[in-house]
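Colleague: My file is start21.csv. It has CSV, C-alpha atoms:
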```
chain,number,residue,atom,x,y,z
C,1,MET,CA,13.9,-0.5,4.5
C,2,VAL,CA,10.9,1.0,2.7
C,3,THR,CA,8.3,-1.2,1.1
C,4,ILE,CA,5.5,-0.2,-1.3
C,5,ILE,CA,2.5,-2.6,-1.1
C,6,ALA,CA,0.3,-2.9,-4.1
C,7,SER,CA,-2.8,-3.9,-2.0
C,8,THR,CA,-4.7,-6.2,-4.4
C,9,ASN,CA,-4.1,-9.6,-5.9
C,10,ARG,CA,-5.8,-8.6,-9.1
C,11,PRO,CA,-3.5,-9.3,-12.1
C,12,ASN,CA,-2.4,-6.4,-14.2
C,13,SER,CA,-4.1,-3.9,-11.9
C,14,SER,CA,-4.0,-0.1,-11.9
C,15,THR,CA,-2.9,-0.5,-8.3
C,16,LEU,CA,0.3,-2.2,-9.3
C,17,LYS,CA,0.9,0.4,-12.1
C,18,LEU,CA,0.5,3.2,-9.5
C,19,ALA,CA,2.8,1.4,-7.0
C,20,GLN,CA,5.4,1.1,-9.8
C,21,TYR,CA,4.9,4.8,-10.6
C,22,TYR,CA,5.5,5.7,-6.9
C,23,GLN,CA,8.6,3.5,-6.9
C,24,ARG,CA,10.1,5.2,-9.9
C,25,GLN,CA,9.4,8.7,-8.6
C,26,LEU,CA,10.8,7.9,-5.1
C,27,ALA,CA,13.9,6.5,-6.7
C,28,ALA,CA,14.3,9.7,-8.7
C,29,LYS,CA,14.1,11.5,-5.3
C,30,GLY,CA,16.9,9.3,-3.9
C,31,MET,CA,14.7,6.8,-1.9
C,32,GLN,CA,15.2,3.2,-2.7
C,33,THR,CA,12.1,1.0,-2.1
C,34,ASN,CA,11.0,-2.6,-2.4
C,35,LEU,CA,7.7,-3.4,-4.1
C,36,LEU,CA,5.4,-6.1,-2.8
C,37,SER,CA,2.4,-6.9,-4.8
C,38,LEU,CA,-0.3,-9.0,-3.1
C,39,THR,CA,-0.3,-11.1,-6.3
C,40,GLN,CA,2.9,-12.6,-4.8
C,41,LEU,CA,1.0,-14.0,-1.8
C,42,PRO,CA,0.8,-17.8,-1.6
C,43,PRO,CA,-2.5,-18.9,-3.1
C,44,ASN,CA,-3.5,-20.9,0.0
C,45,LEU,CA,-2.5,-18.2,2.5
C,46,ILE,CA,-5.7,-18.6,4.5
C,47,GLU,CA,-5.0,-22.3,5.1
C,48,THR,CA,-1.2,-22.0,5.6
C,49,ASP,CA,-0.4,-18.7,7.4
C,50,LEU,CA,-3.1,-17.7,9.9
C,51,TYR,CA,-3.5,-18.5,13.6
C,52,GLY,CA,0.2,-19.1,14.4
C,53,LYS,CA,1.1,-21.2,11.3
C,54,ARG,CA,3.9,-20.1,8.9
C,55,SER,CA,4.5,-21.6,5.5
C,56,GLU,CA,7.9,-21.5,3.7
C,57,ALA,CA,6.3,-19.5,0.9
C,58,PHE,CA,5.2,-16.7,3.3
C,59,THR,CA,8.4,-16.7,5.3
C,60,THR,CA,10.3,-14.6,2.7
C,61,ILE,CA,7.4,-12.1,2.6
C,62,GLN,CA,7.3,-12.0,6.4
C,63,ASN,CA,11.1,-11.4,6.6
C,64,GLN,CA,10.7,-8.4,4.2
C,65,ILE,CA,7.8,-7.0,6.3
C,66,THR,CA,9.7,-7.4,9.6
C,67,ALA,CA,12.7,-5.6,8.1
C,68,THR,CA,10.6,-2.7,6.8
C,69,GLU,CA,10.6,0.5,8.7
C,70,LYS,CA,8.2,2.5,6.4
C,71,PHE,CA,5.3,1.3,4.3
C,72,LEU,CA,3.5,2.9,1.4
C,73,PHE,CA,0.2,1.2,0.9
C,74,ILE,CA,-1.5,1.7,-2.5
C,75,ILE,CA,-5.1,0.7,-1.9
C,76,PRO,CA,-7.9,0.3,-4.5
C,77,GLU,CA,-11.5,0.6,-3.7
C,78,TYR,CA,-13.3,-2.7,-3.4
C,79,ASN,CA,-17.0,-2.5,-2.6
C,80,GLY,CA,-16.7,0.8,-0.8
C,81,SER,CA,-13.7,-0.2,1.3
C,82,TYR,CA,-10.3,-1.9,0.8
C,83,PRO,CA,-9.6,-5.4,-0.6
C,84,GLY,CA,-10.2,-8.4,1.7
C,85,VAL,CA,-6.8,-9.8,0.6
C,86,LEU,CA,-5.2,-6.8,2.3
C,87,LYS,CA,-6.8,-7.6,5.6
C,88,VAL,CA,-5.9,-11.3,5.3
C,89,PHE,CA,-2.3,-10.2,4.5
C,90,VAL,CA,-2.2,-8.0,7.7
C,91,ASP,CA,-3.7,-10.9,9.7
C,92,ALA,CA,-1.1,-13.3,8.4
C,93,CYS,CA,1.8,-11.1,9.3
C,94,SER,CA,3.4,-11.7,12.7
C,95,PHE,CA,2.4,-9.4,15.5
C,96,PRO,CA,3.9,-7.1,16.9
C,97,GLU,CA,7.1,-7.1,14.8
C,98,SER,CA,5.5,-6.6,11.4
C,99,PHE,CA,3.9,-3.1,12.0
C,100,TYR,CA,4.2,-2.0,15.6
C,101,ASP,CA,5.7,1.5,15.9
C,102,LYS,CA,6.5,1.7,12.2
C,103,LYS,CA,5.4,4.3,9.7
C,104,ALA,CA,3.0,4.3,6.8
C,105,ALA,CA,1.6,6.5,4.0
C,106,LEU,CA,-1.7,5.6,2.3
C,107,VAL,CA,-2.9,6.2,-1.2
C,108,GLY,CA,-6.4,5.3,-2.3
C,109,LEU,CA,-7.5,4.8,-5.9
C,110,SER,CA,-10.6,4.0,-7.7
C,111,SER,CA,-12.1,3.9,-11.2
C,112,GLY,CA,-15.0,5.9,-9.8
C,113,LYS,CA,-15.0,9.5,-8.5
C,114,TYR,CA,-14.0,9.2,-4.9
C,115,GLY,CA,-10.6,7.6,-4.8
C,116,ASN,CA,-11.4,5.1,-2.1
C,117,ILE,CA,-11.9,7.7,0.6
C,118,ARG,CA,-13.9,5.3,2.8
C,119,GLY,CA,-11.5,2.4,2.3
C,120,ILE,CA,-8.6,4.6,3.3
C,121,ASP,CA,-10.5,5.6,6.5
C,122,HIS,CA,-11.3,1.9,7.2
C,123,PHE,CA,-7.6,0.9,6.7
C,124,THR,CA,-6.4,3.7,8.9
C,125,GLY,CA,-8.4,2.1,11.7
C,126,VAL,CA,-6.6,-1.2,11.2
C,127,CYS,CA,-3.2,0.7,11.1
C,128,HIS,CA,-4.0,2.4,14.4
C,129,TYR,CA,-5.0,-1.0,16.0
C,130,VAL,CA,-1.6,-2.6,15.1
C,131,ASN,CA,0.2,0.7,16.2
C,132,LEU,CA,1.3,1.6,12.7
C,133,HIS,CA,1.8,5.4,12.6
C,134,VAL,CA,0.0,6.8,9.6
C,135,MET,CA,1.2,10.0,7.8
C,136,PRO,CA,-1.5,12.6,7.9
C,137,LEU,CA,-1.4,13.4,4.2
C,138,LYS,CA,-3.5,10.6,2.6
C,139,LEU,CA,-4.2,10.8,-1.1
C,140,HIS,CA,-7.3,9.7,-3.0
C,141,ILE,CA,-6.9,9.3,-6.7
C,142,ALA,CA,-10.2,9.0,-8.5
C,143,SER,CA,-10.9,7.9,-12.1
C,144,ILE,CA,-7.5,6.2,-12.2
C,145,ARG,CA,-7.9,5.0,-15.7
C,146,LYS,CA,-8.1,8.6,-16.9
C,147,GLU,CA,-5.2,9.7,-14.6
C,148,MET,CA,-2.5,7.4,-16.1
C,149,ASP,CA,-1.0,7.2,-19.6
C,150,GLU,CA,-0.1,3.9,-21.3
C,151,GLN,CA,3.3,4.0,-19.8
C,152,GLY,CA,1.9,4.1,-16.2
C,153,ASN,CA,2.7,7.7,-15.6
C,154,LEU,CA,0.3,10.1,-13.9
C,155,THR,CA,-0.7,13.0,-16.2
C,156,ALA,CA,-3.1,15.4,-14.4
C,157,GLU,CA,-1.3,18.5,-13.1
C,158,ASP,CA,-3.1,18.6,-9.8
C,159,THR,CA,-2.5,14.9,-9.1
C,160,LEU,CA,1.2,15.3,-10.0
C,161,ARG,CA,1.4,18.2,-7.5
C,162,PHE,CA,-0.3,16.2,-4.7
C,163,THR,CA,1.6,13.0,-5.2
C,164,ASN,CA,4.9,14.9,-5.4
C,165,GLU,CA,4.0,16.6,-2.1
C,166,GLN,CA,3.1,13.3,-0.5
C,167,MET,CA,6.3,11.7,-1.6
C,168,ASP,CA,8.4,14.6,-0.3
C,169,LYS,CA,6.7,14.3,3.1
C,170,PHE,CA,7.0,10.5,3.1
C,171,ILE,CA,10.8,10.8,2.6
C,172,ARG,CA,11.0,13.1,5.7
C,173,PHE,CA,8.4,11.1,7.7
```
Here is the file; what I need is its structure written in the form of structure tokens.

Modeller:
Amino acid sequence: MVTIIASTNRPNSSTLKLAQYYQRQLAAKGMQTNLLSLTQLPPNLIETDLYGKRSEAFTTIQNQITATEKFLFIIPEYNGSYPGVLKVFVDACSFPESFYDKKAALVGLSSGKYGNIRGIDHFTGVCHYVNLHVMPLKLHIASIRKEMDEQGNLTAEDTLRFTNEQMDKFIRF
């Protein structure tokens, strides 16, 4: 199973739109994926699913994560790094079965001009710690609001080329 994770709980985010774009493009290439938006997390996750506790609401998400063999994290820039809700999500997931010896690809995005370079580096460290194997080609999409049209499609030729290359490598990874 392959799961795309839209790594923010912000409603109607560019992150979710980009995750949906990746899902459509991967489907066109023959790869079926599941999409998990962190907006789907239980609102009281910090109280109910950390430190060995497990809520019924998170059990379905945990089962999906456990069954996943490859992840594609779409990660927006939050204050020069990645969203705190992504770290809480990783912390809430069972260890080691959630991520250990599985594979991941990372895509950073930002409304600014760096595409979350630093946040992707920070999250790579977390991935290594939980023994999640990260694909070397990581993308950084800057100025995301200028990169997507109203239908949620990427439009810049170079971004299309790079995302297409990353998807092809992810399929083979």

Colleague: Which one of C:Leu35, C:Leu50, C:Val2, C:Ala27 sits closest to Glu69 (chain C) if you count all atoms listed in the file?

Modeller: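 Answer, going by the shortest atom-to-atom distance: C:Val2.
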
Colleague: Choose the residue, out of C:Thr68, C:Ser81, C:Ser143, C:Pro76, that has the smallest atom-to-atom separation from Asn34 (chain C); count only C-alpha atoms.

Modeller: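 Smallest separation from Asn34 (chain C) among the options: C:Thr68.
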
Colleague: Compare C:Tyr129, C:Tyr51, C:Phe162, C:Phe71 by their minimum atom-to-atom distance to Ile5 (chain C), counting only C-alpha atoms, and give me the closest one.

Modeller: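 For Ile5 (chain C), the nearest of the candidates is C:Phe71.
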
Colleague: From the list C:Ile74, C:Ser37, C:Gly30, C:Ser94, which residue is nearest Gly52 (chain C) when using all atoms listed in the file?

Modeller: C:Ser94

Colleague: Ranking C:Val134, C:Ala142, C:Leu109, C:Leu45 by minimum distance to Lys17 (chain C) and counting all atoms listed in the file, which one comes first?

Modeller: C:Leu109

Colleague: Tell me which protein, DNA and RNA residues are within 12 Å of Asp149 (chain C), counting all atoms listed in the file, leaving out same-chain ones fewer than 4 positions away, and put them as a VMD selection string.

Modeller: chain C and resid 14 17 to 18 21 144 to 145 153 to 156

Colleague: CA of Phe170 (chain C) and CA of Ala104 (chain C) are how many Å apart?

Modeller: 8.3 Å

Colleague: Which residue is closest to Thr3 (chain C)? Choose from C:Asn164, C:Gln64, C:Thr39, C:Ser111 and count all atoms listed in the file.

Modeller: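 Under the stated criterion, the closest residue is C:Gln64.
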
Colleague: Counting only C-alpha atoms, find residues at most 12 Å from (-4.9, -9.1, 12.0) (file frame) and give them as a count of residues only.

Modeller: 27

Colleague: CA of Gly112 (chain C) and CA of Leu36 (chain C) are how many Å apart?

Modeller: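 Rounded to one decimal, the two atoms are 24.7 Å apart.
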